[in-house]
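Text of the file work.cif, holding mmCIF, N, CA and C atoms:
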data_start
#
loop_
_atom_site.group_PDB
_atom_site.id
_atom_site.type_symbol
_atom_site.label_atom_id
_atom_site.label_comp_id
_atom_site.auth_asym_id
_atom_site.auth_seq_id
_atom_site.Cartn_x
_atom_site.Cartn_y
_atom_site.Cartn_z
ATOM 1 N N MET A 1 -29.286 16.836 15.473
ATOM 2 C CA MET A 1 -30.019 18.069 15.317
ATOM 3 C C MET A 1 -29.509 19.123 16.295
ATOM 4 N N LEU A 2 -29.166 18.679 17.507
ATOM 5 C CA LEU A 2 -28.637 19.618 18.491
ATOM 6 C C LEU A 2 -27.358 20.266 17.970
ATOM 7 N N ALA A 3 -26.472 19.456 17.444
ATOM 8 C CA ALA A 3 -25.206 19.984 16.911
ATOM 9 C C ALA A 3 -25.453 20.873 15.694
ATOM 10 N N ASP A 4 -26.345 20.460 14.817
ATOM 11 C CA ASP A 4 -26.621 21.233 13.606
ATOM 12 C C ASP A 4 -27.139 22.630 13.914
ATOM 13 N N THR A 5 -27.942 22.761 14.962
ATOM 14 C CA THR A 5 -28.570 24.052 15.257
ATOM 15 C C THR A 5 -27.865 24.838 16.360
ATOM 16 N N SER A 6 -26.731 24.327 16.838
ATOM 17 C CA SER A 6 -25.991 25.034 17.886
ATOM 18 C C SER A 6 -25.342 26.301 17.325
ATOM 19 N N GLU A 7 -24.761 27.075 18.207
ATOM 20 C CA GLU A 7 -24.058 28.302 17.802
ATOM 21 C C GLU A 7 -22.857 28.006 16.890
ATOM 22 N N TYR A 8 -22.403 26.760 16.867
ATOM 23 C CA TYR A 8 -21.226 26.387 16.082
ATOM 24 C C TYR A 8 -21.575 25.420 14.956
ATOM 25 N N GLY A 9 -22.862 25.161 14.761
ATOM 26 C CA GLY A 9 -23.302 24.179 13.785
ATOM 27 C C GLY A 9 -23.463 24.728 12.377
ATOM 28 N N PRO A 10 -23.716 23.837 11.443
ATOM 29 C CA PRO A 10 -23.824 24.244 10.043
ATOM 30 C C PRO A 10 -25.005 25.168 9.746
ATOM 31 N N VAL A 11 -26.095 25.027 10.459
ATOM 32 C CA VAL A 11 -27.235 25.908 10.198
ATOM 33 C C VAL A 11 -26.872 27.347 10.561
ATOM 34 N N LYS A 12 -26.245 27.528 11.707
ATOM 35 C CA LYS A 12 -25.811 28.872 12.128
ATOM 36 C C LYS A 12 -24.807 29.451 11.123
ATOM 37 N N LYS A 13 -23.891 28.614 10.666
ATOM 38 C CA LYS A 13 -22.872 29.064 9.711
ATOM 39 C C LYS A 13 -23.516 29.514 8.395
ATOM 40 N N VAL A 14 -24.464 28.729 7.905
ATOM 41 C CA VAL A 14 -25.160 29.073 6.660
ATOM 42 C C VAL A 14 -25.892 30.400 6.817
ATOM 43 N N ILE A 15 -26.546 30.581 7.960
ATOM 44 C CA ILE A 15 -27.286 31.826 8.197
ATOM 45 C C ILE A 15 -26.322 33.008 8.296
ATOM 46 N N ASP A 16 -25.255 32.851 9.070
ATOM 47 C CA ASP A 16 -24.294 33.949 9.234
ATOM 48 C C ASP A 16 -23.647 34.347 7.909
ATOM 49 N N MET A 17 -23.396 33.371 7.051
ATOM 50 C CA MET A 17 -22.758 33.639 5.756
ATOM 51 C C MET A 17 -23.781 34.003 4.671
ATOM 52 N N GLU A 18 -25.076 33.914 5.037
ATOM 53 C CA GLU A 18 -26.157 34.138 4.076
ATOM 54 C C GLU A 18 -25.922 33.318 2.812
ATOM 55 N N ASP A 19 -25.658 32.043 3.037
ATOM 56 C CA ASP A 19 -25.329 31.090 1.976
ATOM 57 C C ASP A 19 -26.602 30.386 1.503
ATOM 58 N N ARG A 20 -27.215 30.925 0.467
ATOM 59 C CA ARG A 20 -28.468 30.362 -0.054
ATOM 60 C C ARG A 20 -28.276 28.930 -0.574
ATOM 61 N N GLY A 21 -27.182 28.682 -1.244
ATOM 62 C CA GLY A 21 -26.920 27.343 -1.761
ATOM 63 C C GLY A 21 -26.754 26.330 -0.647
ATOM 64 N N GLY A 22 -25.995 26.703 0.377
ATOM 65 C CA GLY A 22 -25.801 25.823 1.526
ATOM 66 C C GLY A 22 -27.099 25.569 2.264
ATOM 67 N N LEU A 23 -27.936 26.596 2.350
ATOM 68 C CA LEU A 23 -29.234 26.449 3.004
ATOM 69 C C LEU A 23 -30.107 25.468 2.238
ATOM 70 N N GLY A 24 -30.182 25.630 0.944
ATOM 71 C CA GLY A 24 -30.986 24.726 0.115
ATOM 72 C C GLY A 24 -30.492 23.298 0.207
ATOM 73 N N PHE A 25 -29.184 23.134 0.194
ATOM 74 C CA PHE A 25 -28.583 21.805 0.302
ATOM 75 C C PHE A 25 -28.926 21.168 1.648
ATOM 76 N N TYR A 26 -28.776 21.922 2.718
ATOM 77 C CA TYR A 26 -29.069 21.400 4.054
ATOM 78 C C TYR A 26 -30.545 21.006 4.174
ATOM 79 N N ILE A 27 -31.429 21.886 3.759
ATOM 80 C CA ILE A 27 -32.864 21.621 3.865
ATOM 81 C C ILE A 27 -33.238 20.397 3.028
ATOM 82 N N SER A 28 -32.706 20.287 1.828
ATOM 83 C CA SER A 28 -33.074 19.145 0.981
ATOM 84 C C SER A 28 -32.563 17.826 1.551
ATOM 85 N N LEU A 29 -31.388 17.836 2.168
ATOM 86 C CA LEU A 29 -30.842 16.603 2.744
ATOM 87 C C LEU A 29 -31.569 16.156 4.001
ATOM 88 N N THR A 30 -32.140 17.082 4.731
ATOM 89 C CA THR A 30 -32.755 16.751 6.019
ATOM 90 C C THR A 30 -34.269 16.939 6.013
ATOM 91 N N GLU A 31 -34.842 17.113 4.849
ATOM 92 C CA GLU A 31 -36.260 17.466 4.751
ATOM 93 C C GLU A 31 -37.184 16.467 5.451
ATOM 94 N N MET A 32 -37.009 15.190 5.238
ATOM 95 C CA MET A 32 -37.906 14.198 5.840
ATOM 96 C C MET A 32 -37.807 14.222 7.366
ATOM 97 N N PHE A 33 -36.607 14.379 7.874
ATOM 98 C CA PHE A 33 -36.412 14.449 9.320
ATOM 99 C C PHE A 33 -37.110 15.672 9.895
ATOM 100 N N HIS A 34 -36.960 16.792 9.237
ATOM 101 C CA HIS A 34 -37.567 18.037 9.729
ATOM 102 C C HIS A 34 -39.083 17.970 9.706
ATOM 103 N N LYS A 35 -39.633 17.375 8.670
ATOM 104 C CA LYS A 35 -41.087 17.252 8.598
ATOM 105 C C LYS A 35 -41.617 16.474 9.792
ATOM 106 N N ALA A 36 -40.891 15.436 10.164
ATOM 107 C CA ALA A 36 -41.355 14.549 11.228
ATOM 108 C C ALA A 36 -41.076 15.102 12.621
ATOM 109 N N VAL A 37 -39.925 15.727 12.827
ATOM 110 C CA VAL A 37 -39.491 16.058 14.174
ATOM 111 C C VAL A 37 -39.448 17.555 14.453
ATOM 112 N N TYR A 38 -38.839 18.317 13.565
ATOM 113 C CA TYR A 38 -38.664 19.752 13.788
ATOM 114 C C TYR A 38 -39.113 20.544 12.559
ATOM 115 N N PRO A 39 -40.425 20.659 12.352
ATOM 116 C CA PRO A 39 -40.924 21.348 11.157
ATOM 117 C C PRO A 39 -40.662 22.859 11.155
ATOM 118 N N GLU A 40 -40.192 23.393 12.270
ATOM 119 C CA GLU A 40 -39.948 24.836 12.351
ATOM 120 C C GLU A 40 -38.950 25.308 11.301
ATOM 121 N N LEU A 41 -37.912 24.512 11.056
ATOM 122 C CA LEU A 41 -36.905 24.921 10.076
ATOM 123 C C LEU A 41 -37.471 24.919 8.663
ATOM 124 N N LYS A 42 -38.262 23.921 8.337
ATOM 125 C CA LYS A 42 -38.867 23.861 7.005
ATOM 126 C C LYS A 42 -39.808 25.045 6.809
ATOM 127 N N GLY A 43 -40.628 25.342 7.824
ATOM 128 C CA GLY A 43 -41.534 26.488 7.731
ATOM 129 C C GLY A 43 -40.781 27.792 7.576
ATOM 130 N N ALA A 44 -39.690 27.935 8.317
ATOM 131 C CA ALA A 44 -38.870 29.145 8.219
ATOM 132 C C ALA A 44 -38.233 29.246 6.836
ATOM 133 N N PHE A 45 -37.816 28.117 6.293
ATOM 134 C CA PHE A 45 -37.221 28.106 4.958
ATOM 135 C C PHE A 45 -38.247 28.577 3.924
ATOM 136 N N CYS A 46 -39.475 28.103 4.055
ATOM 137 C CA CYS A 46 -40.527 28.533 3.122
ATOM 138 C C CYS A 46 -40.786 30.035 3.236
ATOM 139 N N SER A 47 -40.827 30.544 4.453
ATOM 140 C CA SER A 47 -41.010 31.994 4.665
ATOM 141 C C SER A 47 -39.825 32.762 4.088
ATOM 142 N N PHE A 48 -38.620 32.247 4.327
ATOM 143 C CA PHE A 48 -37.417 32.885 3.802
ATOM 144 C C PHE A 48 -37.453 32.947 2.274
ATOM 145 N N ALA A 49 -37.919 31.873 1.651
ATOM 146 C CA ALA A 49 -37.981 31.833 0.191
ATOM 147 C C ALA A 49 -38.881 32.934 -0.362
ATOM 148 N N LEU A 50 -39.883 33.316 0.415
ATOM 149 C CA LEU A 50 -40.803 34.368 -0.025
ATOM 150 C C LEU A 50 -40.270 35.775 0.206
ATOM 151 N N ASN A 51 -39.557 35.981 1.323
ATOM 152 C CA ASN A 51 -39.160 37.362 1.651
ATOM 153 C C ASN A 51 -37.659 37.590 1.855
ATOM 154 N N GLY A 52 -36.862 36.526 1.884
ATOM 155 C CA GLY A 52 -35.412 36.686 2.001
ATOM 156 C C GLY A 52 -34.914 37.160 3.353
ATOM 157 N N ASP A 53 -35.730 37.057 4.385
ATOM 158 C CA ASP A 53 -35.361 37.525 5.727
ATOM 159 C C ASP A 53 -34.602 36.425 6.482
ATOM 160 N N TRP A 54 -33.303 36.613 6.632
ATOM 161 C CA TRP A 54 -32.469 35.629 7.327
ATOM 162 C C TRP A 54 -32.813 35.550 8.809
ATOM 163 N N GLY A 55 -33.389 36.617 9.353
ATOM 164 C CA GLY A 55 -33.787 36.629 10.763
ATOM 165 C C GLY A 55 -34.818 35.552 11.087
ATOM 166 N N ILE A 56 -35.697 35.269 10.144
ATOM 167 C CA ILE A 56 -36.692 34.203 10.329
ATOM 168 C C ILE A 56 -35.988 32.868 10.542
ATOM 169 N N LEU A 57 -34.966 32.629 9.753
ATOM 170 C CA LEU A 57 -34.206 31.381 9.884
ATOM 171 C C LEU A 57 -33.459 31.330 11.214
ATOM 172 N N GLU A 58 -32.883 32.451 11.610
ATOM 173 C CA GLU A 58 -32.153 32.485 12.883
ATOM 174 C C GLU A 58 -33.095 32.238 14.060
ATOM 175 N N ASP A 59 -34.273 32.815 14.018
ATOM 176 C CA ASP A 59 -35.260 32.581 15.084
ATOM 177 C C ASP A 59 -35.650 31.101 15.145
ATOM 178 N N ALA A 60 -35.891 30.512 13.987
ATOM 179 C CA ALA A 60 -36.269 29.097 13.936
ATOM 180 C C ALA A 60 -35.122 28.215 14.420
ATOM 181 N N ARG A 61 -33.896 28.553 14.040
ATOM 182 C CA ARG A 61 -32.736 27.787 14.488
ATOM 183 C C ARG A 61 -32.665 27.782 16.019
ATOM 184 N N GLY A 62 -32.826 28.944 16.613
ATOM 185 C CA GLY A 62 -32.782 29.039 18.070
ATOM 186 C C GLY A 62 -33.894 28.249 18.739
ATOM 187 N N LYS A 63 -35.083 28.301 18.172
ATOM 188 C CA LYS A 63 -36.209 27.545 18.731
ATOM 189 C C LYS A 63 -35.973 26.043 18.633
ATOM 190 N N VAL A 64 -35.486 25.601 17.494
ATOM 191 C CA VAL A 64 -35.216 24.170 17.318
ATOM 192 C C VAL A 64 -34.112 23.721 18.272
ATOM 193 N N TYR A 65 -33.080 24.531 18.429
ATOM 194 C CA TYR A 65 -31.999 24.184 19.351
ATOM 195 C C TYR A 65 -32.540 24.044 20.779
ATOM 196 N N SER A 66 -33.358 24.994 21.200
ATOM 197 C CA SER A 66 -33.938 24.938 22.553
ATOM 198 C C SER A 66 -34.837 23.723 22.726
ATOM 199 N N LYS A 67 -35.654 23.467 21.735
ATOM 200 C CA LYS A 67 -36.564 22.322 21.787
ATOM 201 C C LYS A 67 -35.785 21.004 21.832
ATOM 202 N N CYS A 68 -34.747 20.911 21.034
ATOM 203 C CA CYS A 68 -33.914 19.708 21.007
ATOM 204 C C CYS A 68 -33.170 19.536 22.333
ATOM 205 N N SER A 69 -32.664 20.614 22.886
ATOM 206 C CA SER A 69 -31.972 20.563 24.181
ATOM 207 C C SER A 69 -32.901 20.040 25.268
ATOM 208 N N LEU A 70 -34.127 20.524 25.269
ATOM 209 C CA LEU A 70 -35.107 20.078 26.249
ATOM 210 C C LEU A 70 -35.425 18.591 26.087
ATOM 211 N N THR A 71 -35.571 18.147 24.851
ATOM 212 C CA THR A 71 -35.846 16.728 24.588
ATOM 213 C C THR A 71 -34.699 15.853 25.079
ATOM 214 N N ILE A 72 -33.480 16.278 24.843
ATOM 215 C CA ILE A 72 -32.321 15.511 25.297
ATOM 216 C C ILE A 72 -32.283 15.444 26.819
ATOM 217 N N LYS A 73 -32.596 16.541 27.485
ATOM 218 C CA LYS A 73 -32.651 16.531 28.953
ATOM 219 C C LYS A 73 -33.703 15.551 29.451
ATOM 220 N N LYS A 74 -34.844 15.520 28.777
ATOM 221 C CA LYS A 74 -35.896 14.579 29.155
ATOM 222 C C LYS A 74 -35.444 13.133 28.970
ATOM 223 N N ILE A 75 -34.713 12.875 27.909
ATOM 224 C CA ILE A 75 -34.199 11.522 27.658
ATOM 225 C C ILE A 75 -33.209 11.124 28.752
ATOM 226 N N PHE A 76 -32.289 12.021 29.091
ATOM 227 C CA PHE A 76 -31.330 11.723 30.161
ATOM 228 C C PHE A 76 -32.037 11.502 31.498
ATOM 229 N N ASN A 77 -33.030 12.320 31.786
ATOM 230 C CA ASN A 77 -33.785 12.148 33.029
ATOM 231 C C ASN A 77 -34.514 10.812 33.052
ATOM 232 N N ALA A 78 -35.066 10.420 31.925
ATOM 233 C CA ALA A 78 -35.746 9.124 31.833
ATOM 234 C C ALA A 78 -34.756 7.989 32.057
ATOM 235 N N TYR A 79 -33.570 8.147 31.505
ATOM 236 C CA TYR A 79 -32.538 7.121 31.692
ATOM 237 C C TYR A 79 -32.145 6.999 33.164
ATOM 238 N N ARG A 80 -31.918 8.141 33.794
ATOM 239 C CA ARG A 80 -31.509 8.141 35.200
ATOM 240 C C ARG A 80 -32.597 7.559 36.107
ATOM 241 N N ALA A 81 -33.845 7.799 35.757
ATOM 242 C CA ALA A 81 -34.960 7.337 36.588
ATOM 243 C C ALA A 81 -35.309 5.870 36.340
ATOM 244 N N SER A 82 -34.820 5.318 35.266
ATOM 245 C CA SER A 82 -35.165 3.936 34.911
ATOM 246 C C SER A 82 -34.395 2.934 35.754
ATOM 247 N N LYS A 83 -35.089 1.883 36.102
ATOM 248 C CA LYS A 83 -34.461 0.799 36.867
ATOM 249 C C LYS A 83 -33.787 -0.213 35.943
ATOM 250 N N ASN A 84 -34.284 -0.264 34.698
ATOM 251 C CA ASN A 84 -33.748 -1.244 33.751
ATOM 252 C C ASN A 84 -34.005 -0.769 32.318
ATOM 253 N N GLU A 85 -33.535 -1.561 31.371
ATOM 254 C CA GLU A 85 -33.672 -1.194 29.960
ATOM 255 C C GLU A 85 -35.141 -1.093 29.555
ATOM 256 N N GLU A 86 -35.956 -2.003 30.010
ATOM 257 C CA GLU A 86 -37.377 -1.991 29.653
ATOM 258 C C GLU A 86 -38.062 -0.704 30.135
ATOM 259 N N GLY A 87 -37.742 -0.298 31.356
ATOM 260 C CA GLY A 87 -38.310 0.941 31.882
ATOM 261 C C GLY A 87 -37.862 2.152 31.101
ATOM 262 N N PHE A 88 -36.599 2.152 30.695
ATOM 263 C CA PHE A 88 -36.067 3.252 29.910
ATOM 264 C C PHE A 88 -36.757 3.315 28.550
ATOM 265 N N LEU A 89 -36.893 2.180 27.884
ATOM 266 C CA LEU A 89 -37.545 2.149 26.580
ATOM 267 C C LEU A 89 -39.004 2.592 26.673
ATOM 268 N N ARG A 90 -39.677 2.213 27.724
ATOM 269 C CA ARG A 90 -41.053 2.642 27.937
ATOM 270 C C ARG A 90 -41.104 4.166 28.106
ATOM 271 N N ALA A 91 -40.169 4.705 28.861
ATOM 272 C CA ALA A 91 -40.124 6.161 29.075
ATOM 273 C C ALA A 91 -39.860 6.897 27.760
ATOM 274 N N ILE A 92 -38.988 6.354 26.933
ATOM 275 C CA ILE A 92 -38.694 6.973 25.630
ATOM 276 C C ILE A 92 -39.931 6.944 24.734
ATOM 277 N N ARG A 93 -40.614 5.812 24.717
ATOM 278 C CA ARG A 93 -41.843 5.714 23.929
ATOM 279 C C ARG A 93 -42.859 6.765 24.388
ATOM 280 N N ASP A 94 -42.949 6.974 25.682
ATOM 281 C CA ASP A 94 -43.870 7.970 26.227
ATOM 282 C C ASP A 94 -43.475 9.389 25.795
ATOM 283 N N LEU A 95 -42.179 9.644 25.722
ATOM 284 C CA LEU A 95 -41.712 10.959 25.265
ATOM 285 C C LEU A 95 -42.020 11.203 23.800
ATOM 286 N N VAL A 96 -41.866 10.147 23.020
ATOM 287 C CA VAL A 96 -42.076 10.281 21.569
ATOM 288 C C VAL A 96 -43.555 10.261 21.271
#
Target encoding structure tokens, full file:
Amino acid sequence: MLADTSEYGPVKKVIDMEDRGGLGFYISLTEMFHKAVYPELKGAFCSFALNGDWGILEDARGKVYSKCSLTIKKIFNAYRASKNEEGFLRAIRDLV
């Protein structure tokens, strides 16, 4: 998800190219994941479908990227703070 929503990822490319087909394809392939983890993109897609404003998608992409970056930092911090695998897994469960 971090790569997908980065400045060089497919979501950014679809938005920059205003590629409606690519957007629909991406959303349909990742829909279950987005519902569970990052619903911002799905919500933005629904708003976009109503008004065609690509800015809504760009805002959501940036928010998801920031949120994902923060989650990854938390995971790395949990790993560094863990004394063993069990402690790390417990920390991950707490994050999720």
Worksheet item: Can you tell me, as a VMD selection string, what residues are no more than 6 Å from segment 40-46 of chain A when counting all atoms listed in the file, ignoring any on the same chain fewer than 3 positions away?
Response: chain A and resid 49 to 50 56 to 57 60
Worksheet item: Do you have the atom N of Ala91 of chain A-atom CA of Gly62 of chain A distance handy?
Response: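 Between atom N of Ala91 of chain A and atom CA of Gly62 of chain A the gap works out to 27.6 Å.
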Worksheet item: When you draw a straight line from atom C of Glu31 of chain A to atom C of Pro10 of chain A, how long is it in Å?
Response: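 Straight-line distance from atom C of Glu31 of chain A to atom C of Pro10 of chain A works out to 15.6 Å.
You will find atom N of Arg20 of chain A at 13.2 Å from atom C of Ser47 of chain A.
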Practice prompt. DSSP on the backbone, then: every residue of chain A marked alpha helix (DSSP H), written as a VMD selection string.
Written response: chain A and resid 2 to 5 10 to 17 20 to 36 39 to 51 54 to 81 85 to 95
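The smallest atom-to-atom distance between Phe25 of chain A and any of A:Ala81, A:Ile72, A:Ile92, A:Val11, using only C-alpha atoms, is found for A:Val11.
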Discussion item. Here is a test: counting only C-alpha atoms, which residue of A:Met32, A:Leu2, A:Leu70, A:Leu23 is nearest to Trp54 of chain A?
Written reply: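 Of A:Met32, A:Leu2, A:Leu70, A:Leu23, the one nearest Trp54 of chain A is A:Leu23, counting only C-alpha atoms.
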Worksheet item: Do you know which residues are at most 7 Å from Ala78 of chain A counting only N, CA and C atoms, after dropping those on the same chain fewer than 2 positions away, and could you put them as a list in words?
Response: Lys73, Lys74, Ile75, Phe76, Arg80, Ala81, Ser82, Gly87, Phe88, Ala91 and Ile92 of chain A
Discussion item. Counting only N, CA and C atoms, which residue out of A:Asn77, A:Asp16, A:Leu95, A:Tyr65 sits closest to Ala3 of chain A?
Written reply: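 Answer, going by the shortest atom-to-atom distance: A:Tyr65.
If you count all atoms listed in the file and draw a sphere of 7 Å around (-27.0, 24.9, 8.2), the protein and nucleic acid residues inside it come out as Asp4, Gly9, Pro10, Val11, Lys12, Lys13, Val14, Ile15, Gly22, Leu23, Tyr26 and Ile27 of chain A.
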Same residues, N, CA and C atoms, saved as a tab-separated table (two decimals), in the coordinates of the input:
chain	number	residue	atom	x	y	z
A	4	ASP	N	-26.34	20.46	14.82
A	4	ASP	CA	-26.62	21.23	13.61
A	4	ASP	C	-27.14	22.63	13.91
A	9	GLY	N	-22.86	25.16	14.76
A	9	GLY	CA	-23.30	24.18	13.78
A	9	GLY	C	-23.46	24.73	12.38
A	10	PRO	N	-23.72	23.84	11.44
A	10	PRO	CA	-23.82	24.24	10.04
A	10	PRO	C	-25.00	25.17	9.75
A	11	VAL	N	-26.10	25.03	10.46
A	11	VAL	CA	-27.24	25.91	10.20
A	11	VAL	C	-26.87	27.35	10.56
A	12	LYS	N	-26.24	27.53	11.71
A	12	LYS	CA	-25.81	28.87	12.13
A	12	LYS	C	-24.81	29.45	11.12
A	13	LYS	N	-23.89	28.61	10.67
A	13	LYS	CA	-22.87	29.06	9.71
A	13	LYS	C	-23.52	29.51	8.40
A	14	VAL	N	-24.46	28.73	7.90
A	14	VAL	CA	-25.16	29.07	6.66
A	14	VAL	C	-25.89	30.40	6.82
A	15	ILE	N	-26.55	30.58	7.96
A	15	ILE	CA	-27.29	31.83	8.20
A	15	ILE	C	-26.32	33.01	8.30
A	22	GLY	N	-26.00	26.70	0.38
A	22	GLY	CA	-25.80	25.82	1.53
A	22	GLY	C	-27.10	25.57	2.26
A	23	LEU	N	-27.94	26.60	2.35
A	23	LEU	CA	-29.23	26.45	3.00
A	23	LEU	C	-30.11	25.47	2.24
A	26	TYR	N	-28.78	21.92	2.72
A	26	TYR	CA	-29.07	21.40	4.05
A	26	TYR	C	-30.54	21.01	4.17
A	27	ILE	N	-31.43	21.89	3.76
A	27	ILE	CA	-32.86	21.62	3.86
A	27	ILE	C	-33.24	20.40	3.03
